[in-house]
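Source file: structure07.cif. Holds: mmCIF, C-alpha atoms.
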data_start
#
loop_
_atom_site.group_PDB
_atom_site.id
_atom_site.type_symbol
_atom_site.label_atom_id
_atom_site.label_comp_id
_atom_site.auth_asym_id
_atom_site.auth_seq_id
_atom_site.Cartn_x
_atom_site.Cartn_y
_atom_site.Cartn_z
ATOM 1 C CA MET N 1 11.086 10.754 -19.872
ATOM 2 C CA ILE N 2 7.940 12.843 -20.226
ATOM 3 C CA TYR N 3 5.454 12.525 -17.340
ATOM 4 C CA THR N 4 1.731 12.953 -17.947
ATOM 5 C CA ASN N 5 0.723 14.026 -14.387
ATOM 6 C CA SER N 6 -2.961 13.383 -14.988
ATOM 7 C CA MET N 7 -2.960 10.154 -13.053
ATOM 8 C CA LYS N 8 -2.386 8.783 -9.567
ATOM 9 C CA LEU N 9 -1.400 5.295 -8.525
ATOM 10 C CA ILE N 10 -2.203 3.881 -5.077
ATOM 11 C CA LEU N 11 -0.225 0.655 -4.745
ATOM 12 C CA ALA N 12 -0.688 -1.643 -1.760
ATOM 13 C CA GLN N 13 1.697 -4.365 -0.686
ATOM 14 C CA GLY N 14 0.549 -7.853 0.177
ATOM 15 C CA ASN N 15 0.600 -11.458 -0.975
ATOM 16 C CA PRO N 16 -1.894 -12.908 -3.471
ATOM 17 C CA GLY N 17 -4.089 -15.840 -2.460
ATOM 18 C CA SER N 18 -6.824 -16.417 0.107
ATOM 19 C CA GLN N 19 -4.404 -18.074 2.569
ATOM 20 C CA TYR N 20 -2.755 -14.650 3.063
ATOM 21 C CA SER N 21 -5.848 -12.437 3.045
ATOM 22 C CA SER N 22 -6.136 -11.858 6.798
ATOM 23 C CA THR N 23 -2.428 -11.771 7.613
ATOM 24 C CA ARG N 24 -0.573 -8.780 9.018
ATOM 25 C CA HIS N 25 1.535 -8.556 5.849
ATOM 26 C CA ASN N 26 -1.652 -7.967 3.829
ATOM 27 C CA VAL N 27 -2.936 -5.004 5.813
ATOM 28 C CA GLY N 28 -2.050 -2.782 2.821
ATOM 29 C CA PHE N 29 -4.346 -4.854 0.585
ATOM 30 C CA ALA N 30 -7.049 -4.724 3.274
ATOM 31 C CA ALA N 31 -6.769 -0.912 3.466
ATOM 32 C CA LEU N 32 -7.166 -0.657 -0.321
ATOM 33 C CA ASP N 33 -10.101 -3.095 -0.246
ATOM 34 C CA HIS N 34 -11.780 -0.891 2.377
ATOM 35 C CA PHE N 35 -11.286 2.225 0.218
ATOM 36 C CA ALA N 36 -12.586 0.386 -2.870
ATOM 37 C CA THR N 37 -15.667 -0.965 -1.084
ATOM 38 C CA LYS N 38 -16.478 2.454 0.380
ATOM 39 C CA ASN N 39 -16.266 3.981 -3.117
ATOM 40 C CA ASP N 40 -18.096 1.098 -4.848
ATOM 41 C CA LEU N 41 -15.051 0.095 -6.903
ATOM 42 C CA LYS N 42 -14.240 -3.389 -8.182
ATOM 43 C CA PHE N 43 -10.802 -4.884 -8.790
ATOM 44 C CA GLN N 44 -10.091 -6.670 -12.066
ATOM 45 C CA ALA N 45 -7.150 -8.911 -12.908
ATOM 46 C CA LYS N 46 -4.683 -7.168 -15.246
ATOM 47 C CA PRO N 47 -2.010 -9.803 -15.997
ATOM 48 C CA LYS N 48 -0.112 -7.354 -18.245
ATOM 49 C CA PHE N 49 0.641 -5.277 -15.133
ATOM 50 C CA LEU N 50 1.007 -8.234 -12.714
ATOM 51 C CA ALA N 51 -1.845 -6.802 -10.645
ATOM 52 C CA ASP N 52 -5.509 -6.558 -9.731
ATOM 53 C CA ILE N 53 -6.575 -2.994 -10.480
ATOM 54 C CA ALA N 54 -9.614 -0.819 -9.739
ATOM 55 C CA GLU N 55 -9.914 2.363 -11.828
ATOM 56 C CA PHE N 56 -11.830 5.551 -11.149
ATOM 57 C CA THR N 57 -11.672 9.286 -11.765
ATOM 58 C CA HIS N 58 -11.010 11.902 -9.078
ATOM 59 C CA ASP N 59 -11.113 15.606 -10.064
ATOM 60 C CA ASP N 60 -10.514 14.732 -13.730
ATOM 61 C CA ASN N 61 -7.510 12.588 -12.832
ATOM 62 C CA LYS N 62 -7.470 8.872 -13.527
ATOM 63 C CA VAL N 63 -6.685 6.870 -10.383
ATOM 64 C CA LEU N 64 -5.561 3.254 -10.198
ATOM 65 C CA LEU N 65 -5.858 1.219 -7.011
ATOM 66 C CA VAL N 66 -3.280 -1.536 -7.425
ATOM 67 C CA LYS N 67 -2.827 -4.850 -5.642
ATOM 68 C CA PRO N 68 0.184 -6.597 -7.236
ATOM 69 C CA SER N 69 -0.346 -10.259 -8.102
ATOM 70 C CA THR N 70 3.345 -10.942 -7.505
ATOM 71 C CA PHE N 71 4.407 -11.901 -4.012
ATOM 72 C CA TYR N 72 5.125 -9.108 -1.518
ATOM 73 C CA ASN N 73 8.903 -9.186 -2.023
ATOM 74 C CA GLU N 74 8.552 -8.683 -5.798
ATOM 75 C CA THR N 75 6.088 -5.762 -5.958
ATOM 76 C CA GLY N 76 8.619 -3.549 -7.739
ATOM 77 C CA GLN N 77 7.988 -5.472 -10.968
ATOM 78 C CA CYS N 78 4.333 -4.412 -11.000
ATOM 79 C CA ALA N 79 5.172 -0.789 -10.126
ATOM 80 C CA ARG N 80 7.800 -0.592 -12.894
ATOM 81 C CA ALA N 81 5.378 -1.969 -15.507
ATOM 82 C CA LEU N 82 2.704 0.600 -14.577
ATOM 83 C CA ILE N 83 5.133 3.532 -14.408
ATOM 84 C CA ASP N 84 6.584 2.694 -17.818
ATOM 85 C CA PHE N 85 3.201 2.170 -19.476
ATOM 86 C CA TYR N 86 1.504 5.276 -18.064
ATOM 87 C CA LYS N 87 4.668 7.437 -17.923
ATOM 88 C CA LEU N 88 4.175 8.227 -14.238
ATOM 89 C CA ASP N 89 6.490 10.239 -12.009
ATOM 90 C CA PRO N 90 7.120 8.221 -8.813
ATOM 91 C CA THR N 91 7.896 11.399 -6.846
ATOM 92 C CA SER N 92 4.404 12.842 -7.312
ATOM 93 C CA ASP N 93 2.058 10.218 -8.766
ATOM 94 C CA ILE N 94 2.513 7.183 -6.502
ATOM 95 C CA LEU N 95 1.451 6.317 -2.951
ATOM 96 C CA VAL N 96 2.502 2.931 -1.544
ATOM 97 C CA VAL N 97 0.446 1.478 1.326
ATOM 98 C CA HIS N 98 2.191 -1.162 3.438
ATOM 99 C CA ASP N 99 2.567 -2.754 6.864
ATOM 100 C CA ASP N 100 5.343 -1.649 9.221
ATOM 101 C CA LEU N 101 6.813 -4.090 11.732
ATOM 102 C CA ALA N 102 8.415 -1.359 13.864
ATOM 103 C CA LEU N 103 5.290 0.777 14.392
ATOM 104 C CA PRO N 104 2.798 -0.116 17.138
ATOM 105 C CA PHE N 105 -0.422 -1.682 15.859
ATOM 106 C CA GLY N 106 -2.749 0.905 14.344
ATOM 107 C CA THR N 107 -0.170 3.697 14.146
ATOM 108 C CA LEU N 108 -0.107 5.346 10.724
ATOM 109 C CA ARG N 109 2.952 7.145 9.434
ATOM 110 C CA THR N 110 3.241 8.992 6.142
ATOM 111 C CA ARG N 111 6.488 9.838 4.384
ATOM 112 C CA GLU N 112 7.349 11.393 1.020
ATOM 113 C CA LYS N 113 10.330 9.054 0.479
ATOM 114 C CA GLY N 114 12.677 6.868 2.456
ATOM 115 C CA SER N 115 14.785 3.778 2.915
ATOM 116 C CA ASP N 116 13.472 0.218 2.988
ATOM 117 C CA ALA N 117 14.044 -0.198 6.782
ATOM 118 C CA GLY N 118 14.462 -3.937 6.181
ATOM 119 C CA ASN N 119 11.104 -4.329 4.374
ATOM 120 C CA ASN N 120 11.737 -6.636 1.392
ATOM 121 C CA GLY N 121 8.738 -5.314 -0.553
ATOM 122 C CA ILE N 122 10.064 -1.766 -0.226
ATOM 123 C CA LYS N 123 13.531 -3.053 -1.227
ATOM 124 C CA SER N 124 11.951 -4.399 -4.417
ATOM 125 C CA LEU N 125 10.161 -1.102 -5.104
ATOM 126 C CA ASN N 126 13.308 0.938 -4.426
ATOM 127 C CA ALA N 127 15.321 -1.328 -6.754
ATOM 128 C CA HIS N 128 12.765 -0.932 -9.574
ATOM 129 C CA ILE N 129 11.575 2.681 -9.215
ATOM 130 C CA GLY N 130 13.930 4.370 -6.721
ATOM 131 C CA PRO N 131 13.119 5.522 -3.158
ATOM 132 C CA GLN N 132 11.387 8.797 -4.085
ATOM 133 C CA TYR N 133 7.693 7.963 -3.659
ATOM 134 C CA ALA N 134 5.083 8.628 -0.970
ATOM 135 C CA ARG N 135 4.361 5.939 1.628
ATOM 136 C CA LEU N 136 1.529 5.220 4.022
ATOM 137 C CA ARG N 137 2.865 2.837 6.665
ATOM 138 C CA ILE N 138 0.431 0.900 8.858
ATOM 139 C CA GLY N 139 1.834 -0.308 12.180
ATOM 140 C CA ILE N 140 1.384 -4.007 12.967
ATOM 141 C CA TYR N 141 3.713 -4.401 15.974
ATOM 142 C CA ASN N 142 2.347 -6.000 19.147
ATOM 143 C CA ASP N 143 3.869 -7.942 22.072
ATOM 144 C CA LEU N 144 3.785 -11.228 20.125
ATOM 145 C CA ARG N 145 6.404 -9.769 17.803
ATOM 146 C CA ASP N 146 9.035 -10.087 20.562
ATOM 147 C CA ARG N 147 8.410 -13.843 20.821
ATOM 148 C CA MET N 148 8.351 -14.754 17.118
ATOM 149 C CA ASN N 149 10.570 -14.426 14.068
ATOM 150 C CA ASP N 150 9.659 -11.806 11.462
ATOM 151 C CA VAL N 151 8.245 -14.222 8.871
ATOM 152 C CA ASP N 152 5.924 -16.028 11.302
ATOM 153 C CA PHE N 153 4.762 -12.712 12.741
ATOM 154 C CA VAL N 154 3.959 -10.933 9.470
ATOM 155 C CA LEU N 155 2.285 -14.044 8.037
ATOM 156 C CA GLY N 156 0.243 -14.468 11.232
ATOM 157 C CA ARG N 157 -3.324 -13.258 11.582
ATOM 158 C CA PHE N 158 -4.609 -10.288 13.542
ATOM 159 C CA SER N 159 -6.219 -10.935 16.921
ATOM 160 C CA LYS N 160 -10.001 -10.465 17.281
ATOM 161 C CA ASP N 161 -9.413 -7.141 19.066
ATOM 162 C CA GLU N 162 -7.061 -5.965 16.322
ATOM 163 C CA GLU N 163 -9.547 -7.004 13.622
ATOM 164 C CA ALA N 164 -12.208 -4.877 15.335
ATOM 165 C CA ALA N 165 -9.810 -1.918 15.662
ATOM 166 C CA LEU N 166 -8.878 -2.080 11.967
ATOM 167 C CA VAL N 167 -12.229 -0.538 11.045
ATOM 168 C CA ASP N 168 -11.108 2.771 12.604
ATOM 169 C CA VAL N 169 -7.592 2.386 11.181
ATOM 170 C CA PHE N 170 -9.018 2.010 7.672
ATOM 171 C CA GLU N 171 -11.216 5.094 8.073
ATOM 172 C CA LYS N 172 -7.958 6.999 8.678
ATOM 173 C CA THR N 173 -6.178 5.347 5.736
ATOM 174 C CA ASP N 174 -9.141 6.302 3.500
ATOM 175 C CA SER N 175 -8.679 9.899 4.605
ATOM 176 C CA ILE N 176 -4.916 9.839 3.916
ATOM 177 C CA ILE N 177 -5.459 8.315 0.457
ATOM 178 C CA THR N 178 -7.973 11.082 -0.275
ATOM 179 C CA ASP N 179 -5.423 13.681 0.881
ATOM 180 C CA PHE N 180 -2.933 12.188 -1.575
ATOM 181 C CA LEU N 181 -5.470 12.401 -4.393
ATOM 182 C CA ASN N 182 -6.188 16.035 -3.457
ATOM 183 C CA ASP N 183 -2.454 16.907 -3.357
ATOM 184 C CA THR N 184 -2.710 17.692 0.363
ATOM 185 C CA PHE N 185 -0.634 14.690 1.512
ATOM 186 C CA GLN N 186 1.601 15.563 4.478
ATOM 187 C CA THR N 187 4.330 13.823 6.439
ATOM 188 C CA THR N 188 2.761 12.914 9.771
ATOM 189 C CA THR N 189 2.125 10.205 12.369
ATOM 190 C CA HIS N 190 -1.375 9.189 13.543
ATOM 191 C CA ASN N 191 -1.745 7.032 16.669
#

Please render this file's structure as structure tokens.
Amino acid sequence: MIYTNSMKLILAQGNPGSQYSSTRHNVGFAALDHFATKNDLKFQAKPKFLADIAEFTHDDNKVLLVKPSTFYNETGQCARALIDFYKLDPTSDILVVHDDLALPFGTLRTREKGSDAGNNGIKSLNAHIGPQYARLRIGIYNDLRDRMNDVDFVLGRFSKDEEAALVDVFEKTDSIITDFLNDTFQTTTHN
């Protein structure tokens, strides 16, 4: 396969539908929404790619912000469709933004590749495009997690204090996304 390398894809994980919009599992979508709003970008439905997409140009490179319209556990389908159509190289052209159940709330961790660590959305991506793509993981763990099952926790809503703190978290995710676009993305942890 020939890769074009003149494009970047920022793909967030989440569930479509207003009933999921403020849930912990949709923090990736919320991070992308924050970046889009800050940069005056609008998402449009692109059924061909199973996604809502906002397009813009950064240093002569086309950039797609992608919120799959499939459910969280099937996001690999959207990624595969975009990679095939645009001939993207997952190892250099894609950043996936998603929640992480094991990281304390607000902790950000970046990785250049990795396993699914039990995350079904990442399992879907790895099955469709392989595990060699950059990730921005947003911690959602809090004490409630120890008293609930995974599904109820990730589909639960953030507390008022967490909602307020997300503003600062998203300023950091904006910065990390910009680093990725500038090819200065590094493996790190931000608390």

Quick check on the file I pasted: which residues fall under the PyMOL selection byres ((chain N and resi 50) around 6)? Write them as JSON, numbers by chain. {"N": [47, 48, 49, 51, 68, 69, 78]}

Mind writing the picked residues with C-alpha atoms as a PDB file, in the coordinates of the input?
ATOM      1  CA  PRO N  47      -2.010  -9.803 -15.997  1.00  0.00           C
ATOM      2  CA  LYS N  48      -0.112  -7.354 -18.245  1.00  0.00           C
ATOM      3  CA  PHE N  49       0.641  -5.277 -15.133  1.00  0.00           C
ATOM      4  CA  ALA N  51      -1.845  -6.802 -10.645  1.00  0.00           C
ATOM      5  CA  PRO N  68       0.184  -6.597  -7.236  1.00  0.00           C
ATOM      6  CA  SER N  69      -0.346 -10.259  -8.102  1.00  0.00           C
ATOM      7  CA  CYS N  78       4.333  -4.412 -11.000  1.00  0.00           C
TER       8      CYS N  78
END

Between N:Val66, N:Leu9, N:Ile176, N:Ile138, which residue has the minimum interatomic distance to N:Asp33, considering all atoms listed in the file? N:Val66

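You will find atom CA of N:Gly28 at 24.1 Å from atom CA of N:Lys87.
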
Among listed residues N:Ala31, N:Ala165, N:Gly76, N:Asp174, nearest N:Lys123 (using only C-alpha atoms): N:Gly76

As a check of understanding, name the residues that the PyMOL selection byres ((chain N and resi 108-117) around 7) selects in the supplied structure, as a ChimeraX atom specification. /N:106-107,118-119,122-123,131-139,186-191
